[in-house]
$ cat target-v5.tsv   # TSV, C-alpha atoms
chain	number	residue	atom	x	y	z
A	1	MET	CA	150.61	6.66	-99.96
A	2	ASN	CA	150.90	4.33	-96.95
A	3	GLU	CA	148.47	1.56	-96.03
A	4	GLU	CA	146.68	3.63	-93.38
A	5	ASN	CA	146.00	6.51	-95.80
A	6	GLU	CA	144.73	4.09	-98.43
A	7	ARG	CA	142.34	2.55	-95.89
A	8	GLU	CA	141.06	6.00	-94.85
A	9	LEU	CA	140.53	6.92	-98.50
A	10	MET	CA	138.55	3.71	-99.11
A	11	MET	CA	136.35	4.41	-96.06
A	12	GLU	CA	135.83	8.00	-97.27
A	13	ASN	CA	134.74	6.78	-100.69
A	14	GLU	CA	132.39	4.16	-99.29
A	15	LYS	CA	130.66	6.53	-96.88
A	16	ALA	CA	130.59	9.67	-98.99
A	17	SER	CA	127.77	11.89	-97.75
A	18	LEU	CA	125.86	14.40	-99.84
A	19	VAL	CA	127.92	17.21	-98.30
A	20	GLN	CA	131.13	15.38	-99.18
A	21	LYS	CA	129.95	14.84	-102.76
A	22	ILE	CA	129.11	18.53	-103.11
A	23	LYS	CA	132.57	19.38	-101.78
A	24	TRP	CA	134.18	17.07	-104.35
A	25	TYR	CA	131.93	18.52	-107.07
A	26	ILE	CA	133.29	22.00	-106.36
A	27	ILE	CA	136.97	21.44	-105.51
A	28	LYS	CA	137.76	17.84	-106.58
A	29	PRO	CA	135.54	17.07	-109.59
A	30	SER	CA	137.70	14.11	-110.67
A	31	ARG	CA	136.99	12.43	-107.31
A	32	PHE	CA	133.29	13.24	-107.70
A	33	PHE	CA	133.11	11.61	-111.13
A	34	GLU	CA	134.98	8.55	-109.93
A	35	LYS	CA	132.20	8.10	-107.38
A	36	PHE	CA	129.45	9.06	-109.82
A	37	LYS	CA	130.75	6.49	-112.29
A	38	GLU	CA	129.70	3.71	-109.89
A	39	LYS	CA	126.01	4.73	-110.11
A	40	PRO	CA	125.47	7.31	-112.88
A	41	LYS	CA	121.83	8.11	-112.10
A	42	ALA	CA	119.92	10.30	-114.54
A	43	LEU	CA	116.32	10.55	-113.28
A	44	ILE	CA	116.99	12.33	-109.98
A	45	HIS	CA	119.27	14.86	-111.67
A	46	PHE	CA	116.75	15.43	-114.47
A	47	ILE	CA	114.10	16.21	-111.84
A	48	MET	CA	116.43	18.61	-110.00
A	49	ILE	CA	117.51	20.43	-113.18
A	50	PHE	CA	113.87	20.65	-114.26
A	51	ILE	CA	112.84	22.15	-110.90
A	52	LEU	CA	115.69	24.70	-110.91
A	53	THR	CA	114.95	25.72	-114.51
A	54	ALA	CA	111.23	26.02	-113.78
A	55	ILE	CA	111.94	28.28	-110.79
A	56	ALA	CA	114.11	30.56	-112.95
A	57	SER	CA	111.42	30.68	-115.66
A	58	ILE	CA	108.65	31.53	-113.17
A	59	ILE	CA	110.75	34.33	-111.66
A	60	THR	CA	111.50	35.75	-115.11
A	61	SER	CA	107.84	35.45	-116.11
A	62	SER	CA	106.68	37.33	-113.03
A	63	LYS	CA	109.11	40.17	-113.80
A	64	THR	CA	107.95	40.47	-117.42
A	65	GLU	CA	104.21	40.30	-116.70
A	66	ASP	CA	103.67	44.06	-116.98
A	67	ILE	CA	105.61	44.19	-120.25
A	68	ALA	CA	103.60	41.31	-121.71
A	69	ASN	CA	100.34	43.06	-120.84
A	70	GLN	CA	101.28	46.16	-122.84
A	71	LEU	CA	99.21	45.76	-126.03
A	72	PRO	CA	99.69	47.60	-129.34
A	73	GLU	CA	97.36	50.48	-130.10
A	74	GLY	CA	94.54	50.07	-132.61
A	75	MET	CA	93.39	46.62	-131.49
A	76	SER	CA	89.69	45.88	-131.27
A	77	ALA	CA	88.03	44.82	-128.02
A	78	ASP	CA	87.87	41.18	-129.20
A	79	GLN	CA	91.52	41.21	-130.21
A	80	ILE	CA	92.53	42.71	-126.86
A	81	GLU	CA	90.54	40.09	-124.96
A	82	LEU	CA	91.98	37.24	-127.03
A	83	THR	CA	95.55	38.53	-126.72
A	84	ARG	CA	95.26	38.97	-122.96
A	85	GLY	CA	93.81	35.48	-122.64
A	86	ILE	CA	96.76	34.03	-124.56
A	87	ASN	CA	99.24	36.03	-122.48
A	88	GLU	CA	97.62	34.86	-119.25
A	89	PHE	CA	97.81	31.23	-120.34
A	90	ILE	CA	101.44	31.52	-121.49
A	91	LYS	CA	102.39	33.16	-118.19
A	92	SER	CA	100.47	30.64	-116.04
A	93	PRO	CA	102.57	28.32	-113.87
A	94	ILE	CA	101.20	25.17	-115.53
A	95	ALA	CA	102.11	26.44	-119.03
A	96	ILE	CA	105.58	27.43	-117.84
A	97	VAL	CA	106.12	24.03	-116.18
A	98	ILE	CA	105.03	22.13	-119.30
A	99	THR	CA	107.20	24.30	-121.55
A	100	VAL	CA	110.21	23.94	-119.26
A	101	PHE	CA	109.76	20.16	-119.02
A	102	VAL	CA	109.71	19.72	-122.80
A	103	THR	CA	112.58	22.19	-123.28
A	104	VAL	CA	114.80	20.54	-120.67
A	105	LEU	CA	114.06	17.04	-121.99
A	106	VAL	CA	114.76	17.91	-125.64
A	107	THR	CA	117.74	20.17	-124.91
A	108	TYR	CA	119.58	17.70	-122.69
A	109	PHE	CA	118.72	14.76	-124.92
A	110	PHE	CA	120.57	16.36	-127.84
A	111	PHE	CA	123.20	17.78	-125.49
A	112	ALA	CA	123.98	14.20	-124.45
A	113	LEU	CA	123.50	12.68	-127.90
A	114	PHE	CA	126.19	14.76	-129.59
A	115	ARG	CA	128.71	13.98	-126.84
A	116	TYR	CA	127.75	10.32	-126.88
A	117	ILE	CA	128.36	10.09	-130.64
A	118	PHE	CA	131.75	11.82	-130.52
A	119	THR	CA	132.85	9.90	-127.44
A	120	LYS	CA	132.02	6.69	-129.27
A	121	LEU	CA	134.01	7.88	-132.29
A	122	PHE	CA	136.98	8.43	-129.99
A	123	LYS	CA	136.58	4.86	-128.66
A	124	GLY	CA	135.22	5.90	-125.28
A	125	GLU	CA	133.55	3.26	-123.10
A	126	VAL	CA	130.15	4.91	-122.82
A	127	THR	CA	126.43	4.20	-122.88
A	128	PHE	CA	123.82	6.84	-123.68
A	129	LYS	CA	122.31	6.52	-120.20
A	130	GLU	CA	125.69	7.26	-118.61
A	131	MET	CA	126.23	10.25	-120.88
A	132	PHE	CA	122.73	11.56	-120.19
A	133	GLY	CA	123.37	11.31	-116.46
A	134	LEU	CA	126.73	13.04	-116.86
A	135	VAL	CA	125.41	16.05	-118.81
A	136	LEU	CA	122.61	16.48	-116.26
A	137	VAL	CA	124.87	16.33	-113.22
A	138	THR	CA	127.28	18.83	-114.82
A	139	SER	CA	124.43	21.27	-115.50
A	140	TYR	CA	123.85	22.42	-111.91
A	141	PRO	CA	126.08	25.52	-112.30
A	142	VAL	CA	124.05	26.66	-115.34
A	143	ALA	CA	120.71	25.89	-113.65
A	144	ILE	CA	121.67	27.71	-110.43
A	145	GLY	CA	123.17	30.55	-112.44
A	146	GLY	CA	119.87	30.80	-114.30
A	147	ILE	CA	118.02	31.41	-111.04
A	148	LEU	CA	120.50	34.09	-109.95
A	149	THR	CA	120.31	35.76	-113.35
A	150	SER	CA	116.50	35.73	-113.33
A	151	ILE	CA	116.55	37.50	-109.96
A	152	ILE	CA	119.00	40.27	-110.80
A	153	SER	CA	118.60	40.71	-114.55
A	154	ASP	CA	116.63	43.36	-116.43
A	155	PRO	CA	113.27	41.81	-117.39
A	156	VAL	CA	113.28	43.49	-120.82
A	157	VAL	CA	114.03	40.84	-123.44
A	158	THR	CA	116.39	41.91	-126.22
A	159	SER	CA	118.16	40.25	-129.12
A	160	ASP	CA	121.35	42.24	-128.56
A	161	LEU	CA	124.41	40.41	-129.91
A	162	MET	CA	126.51	40.95	-126.79
A	163	ASP	CA	123.70	39.72	-124.55
A	164	SER	CA	123.45	36.57	-126.64
A	165	ILE	CA	127.19	35.95	-126.29
A	166	LEU	CA	127.14	36.57	-122.54
A	167	ASN	CA	124.18	34.21	-122.14
A	168	LYS	CA	126.36	31.46	-123.60
A	169	VAL	CA	129.87	32.41	-122.49
A	170	ASN	CA	129.76	33.13	-118.77
A	171	ILE	CA	131.16	31.77	-115.52
A	172	TRP	CA	128.36	29.19	-115.22
A	173	SER	CA	128.75	27.74	-118.71
A	174	ILE	CA	132.56	27.71	-118.39
A	175	TRP	CA	132.24	25.84	-115.09
A	176	GLN	CA	129.95	23.33	-116.76
A	177	LEU	CA	132.42	22.95	-119.63
A	178	VAL	CA	135.26	22.18	-117.21
A	179	LEU	CA	133.10	19.59	-115.44
A	180	LEU	CA	132.21	17.97	-118.77
A	181	ILE	CA	135.85	17.75	-119.80
A	182	ILE	CA	136.86	16.14	-116.51
A	183	GLY	CA	133.75	13.96	-116.34
A	184	ILE	CA	134.10	12.45	-119.82
A	185	LYS	CA	137.80	11.81	-119.20
A	186	VAL	CA	137.21	10.06	-115.88
A	187	MET	CA	134.02	8.15	-116.64
A	188	PHE	CA	134.66	6.96	-120.17
A	189	ASN	CA	138.41	6.31	-120.10
A	190	LEU	CA	139.40	8.97	-122.61
A	191	SER	CA	142.55	11.07	-122.62
A	192	MET	CA	142.31	14.69	-121.53
A	193	LYS	CA	143.18	15.74	-125.09
A	194	LYS	CA	140.25	13.82	-126.61
A	195	SER	CA	137.84	15.09	-123.96
A	196	LEU	CA	138.99	18.65	-124.65
A	197	ILE	CA	138.47	18.22	-128.39
A	198	ILE	CA	134.94	16.85	-127.92
A	199	ASN	CA	133.69	19.38	-125.40
A	200	VAL	CA	135.46	22.54	-126.55
A	201	GLY	CA	134.55	21.72	-130.15
A	202	ILE	CA	130.84	21.35	-129.33
A	203	PHE	CA	130.97	24.47	-127.14
A	204	ILE	CA	132.48	26.57	-129.95
A	205	VAL	CA	129.98	25.29	-132.53
A	206	THR	CA	126.95	25.96	-130.29
A	207	THR	CA	128.30	29.41	-129.38
A	208	LEU	CA	128.75	30.29	-133.06
A	209	PHE	CA	125.22	29.05	-133.75
A	210	ILE	CA	123.77	31.26	-130.99
A	211	VAL	CA	125.78	34.29	-132.14
A	212	GLY	CA	124.74	33.68	-135.74
A	213	SER	CA	121.09	33.43	-134.70
A	214	ALA	CA	121.42	36.72	-132.80
A	215	ILE	CA	122.92	38.44	-135.85
A	216	ILE	CA	120.14	37.15	-138.12
A	217	SER	CA	117.48	38.20	-135.60
A	218	SER	CA	119.03	41.66	-135.28
A	219	ASN	CA	119.15	42.10	-139.05
A	220	LEU	CA	115.52	41.01	-139.41
A	221	ASN	CA	114.43	43.46	-136.72
A	222	ASN	CA	116.27	46.28	-138.49
A	223	MET	CA	114.56	45.40	-141.78
A	224	VAL	CA	111.12	45.43	-140.16
A	225	GLN	CA	111.65	48.77	-138.41
$ encode --input "target-v5.tsv" --output "structure tokens"
Amino acid sequence: MNEENERELMMENEKASLVQKIKWYIIKPSRFFEKFKEKPKALIHFIMIFILTAIASIITSSKTEDIANQLPEGMSADQIELTRGINEFIKSPIAIVITVFVTVLVTYFFFALFRYIFTKLFKGEVTFKEMFGLVLVTSYPVAIGGILTSIISDPVVTSDLMDSILNKVNIWSIWQLVLLIIGIKVMFNLSMKKSLIINVGIFIVTTLFIVGSAIISSNLNNMVQ
């Protein structure tokens, strides 16, 4: 690379616009994380992920409202009134927002914590704040995919094993996994091999946990029926 190209690259990095960062995020993630490493913000990305997840939850809730209002036969008038009141509260925007906020906070805290611990074990140069920011910024594909899925999916909730697998192993989660592998390598000075071990290992374990939960749930439903 000649001196002129190096100077242009430096100017590009210094003046990176939001559009440029989005472009890097999609087609040059290593460049994106090099820039993100300079200021690994967490709060703004937490807010954005929270908003996107809340939108997906509200859409899903609106599509399942009729199903939720279908009450079992044989209930007394008081039981019907109480059940409908509970359903209305659970489906209210404020309840959804509170639930989503707590869920996102707890989920991404542990999502970051496990990667922080293993990155430390592999001698990565990382702080928890940086890791928290990284897992949030890599979660946009999953959050956006959640909105698209909530729009086009069947509102009937099932515990089908294949559905559980597809909810975990899909184009959005794979994209996030790739971003995590590249991001941890670039930001915390780890080899690609170590980053692969950390992220693929955690991905496999969580996938097995979800599949196992689906199998247990399916077996319990069969026993009840």
$ atom_distance --input "target-v5.tsv" --atom1 "atom CA of A:Lys41" --atom2 "atom CA of A:Glu130"
7.6 Å
$ residues_around --input "target-v5.tsv" --residues "A:Ser17" --least-positions-apart "6" --cutoff "12 Å" --atoms "all atoms listed in the file" --output "list in words"
Met11, Lys23, Trp24, Phe32 and Lys35 of chain A
$ residues_around --input "target-v5.tsv" --residues "stretch 104-117 of chain A" --least-positions-apart "5" --cutoff "8 Å" --atoms "all atoms listed in the file" --output "VMD selection string"
chain A and resid 49 to 50 126 to 128 131 to 132 135 to 136 198 to 199
$ closest_residue --input "target-v5.tsv" --among "A:Leu208, A:Ala95, A:Val19, A:Leu196" --to "A:Ile184" --atoms "only C-alpha atoms"
A:Leu196
$ atom_distance --input "target-v5.tsv" --atom1 "atom CA of A:Asn170" --atom2 "atom CA of A:Ile152"
15.2 Å
$ atom_distance --input "target-v5.tsv" --atom1 "atom CA of A:Ile171" --atom2 "atom CA of A:Lys194"
23.0 Å
$ residues_around --input "target-v5.tsv" --residues "A:Gly133" --least-positions-apart "4" --cutoff "9 Å" --atoms "only C-alpha atoms" --output "PDB file with C-alpha atoms, in the frame of the given file"
ATOM      1  CA  PRO A  40     125.470   7.310-112.880  1.00  0.00           C
ATOM      2  CA  LYS A  41     121.830   8.110-112.100  1.00  0.00           C
ATOM      3  CA  ALA A  42     119.920  10.300-114.540  1.00  0.00           C
ATOM      4  CA  LEU A  43     116.320  10.550-113.280  1.00  0.00           C
ATOM      5  CA  HIS A  45     119.270  14.860-111.670  1.00  0.00           C
ATOM      6  CA  PHE A  46     116.750  15.430-114.470  1.00  0.00           C
ATOM      7  CA  ALA A 112     123.980  14.200-124.450  1.00  0.00           C
ATOM      8  CA  PHE A 128     123.820   6.840-123.680  1.00  0.00           C
ATOM      9  CA  LYS A 129     122.310   6.520-120.200  1.00  0.00           C
ATOM     10  CA  VAL A 137     124.870  16.330-113.220  1.00  0.00           C
ATOM     11  CA  THR A 138     127.280  18.830-114.820  1.00  0.00           C
TER      12      THR A 138
END
$ closest_residue --input "target-v5.tsv" --among "A:Ile182, A:Ile215, A:Pro141, A:Lys37" --to "A:Ile22" --atoms "all atoms listed in the file"
A:Pro141
$ decode --input "target-v5.tsv" --residues "stretch 166-185 of chain A" --atoms "N, CA and C atoms" --output "compact mmCIF listing (two decimals), in the first residue's frame"
# COMPACT_ATOMS: atom_id res chain seq x y z
N LEU A 166 -34.93 -24.37 14.96
CA LEU A 166 -34.89 -23.30 13.96
C LEU A 166 -34.87 -21.92 14.62
N ASN A 167 -35.47 -21.81 15.80
CA ASN A 167 -35.42 -20.54 16.52
C ASN A 167 -34.01 -20.20 16.97
N LYS A 168 -33.19 -21.21 17.15
CA LYS A 168 -31.80 -21.01 17.59
C LYS A 168 -30.82 -21.03 16.42
N VAL A 169 -31.00 -21.97 15.51
CA VAL A 169 -30.08 -22.12 14.38
C VAL A 169 -30.75 -21.60 13.12
N ASN A 170 -30.50 -20.35 12.81
CA ASN A 170 -31.07 -19.73 11.62
C ASN A 170 -30.07 -18.70 11.08
N ILE A 171 -30.42 -18.07 9.98
CA ILE A 171 -29.49 -17.15 9.32
C ILE A 171 -29.10 -16.00 10.24
N TRP A 172 -30.02 -15.57 11.10
CA TRP A 172 -29.75 -14.42 11.96
C TRP A 172 -28.76 -14.79 13.07
N SER A 173 -28.97 -15.94 13.69
CA SER A 173 -28.08 -16.37 14.77
C SER A 173 -26.70 -16.75 14.22
N ILE A 174 -26.65 -17.32 13.01
CA ILE A 174 -25.37 -17.65 12.39
C ILE A 174 -24.60 -16.37 12.06
N TRP A 175 -25.31 -15.36 11.57
CA TRP A 175 -24.68 -14.07 11.28
C TRP A 175 -24.10 -13.48 12.57
N GLN A 176 -24.88 -13.53 13.63
CA GLN A 176 -24.39 -13.03 14.91
C GLN A 176 -23.16 -13.81 15.37
N LEU A 177 -23.18 -15.12 15.19
CA LEU A 177 -22.04 -15.95 15.60
C LEU A 177 -20.78 -15.54 14.84
N VAL A 178 -20.91 -15.32 13.55
CA VAL A 178 -19.76 -14.89 12.73
C VAL A 178 -19.22 -13.55 13.23
N LEU A 179 -20.13 -12.62 13.53
CA LEU A 179 -19.71 -11.31 14.04
C LEU A 179 -19.00 -11.45 15.38
N LEU A 180 -19.49 -12.32 16.25
CA LEU A 180 -18.85 -12.53 17.54
C LEU A 180 -17.44 -13.10 17.38
N ILE A 181 -17.30 -14.05 16.49
CA ILE A 181 -15.98 -14.66 16.26
C ILE A 181 -14.99 -13.60 15.78
N ILE A 182 -15.40 -12.81 14.80
CA ILE A 182 -14.52 -11.77 14.27
C ILE A 182 -14.29 -10.68 15.32
N GLY A 183 -15.36 -10.29 16.01
CA GLY A 183 -15.26 -9.21 16.98
C GLY A 183 -14.33 -9.52 18.13
N ILE A 184 -14.45 -10.71 18.71
CA ILE A 184 -13.57 -11.10 19.83
C ILE A 184 -12.13 -11.21 19.36
N LYS A 185 -11.92 -11.71 18.16
CA LYS A 185 -10.55 -11.79 17.61
C LYS A 185 -9.94 -10.41 17.47
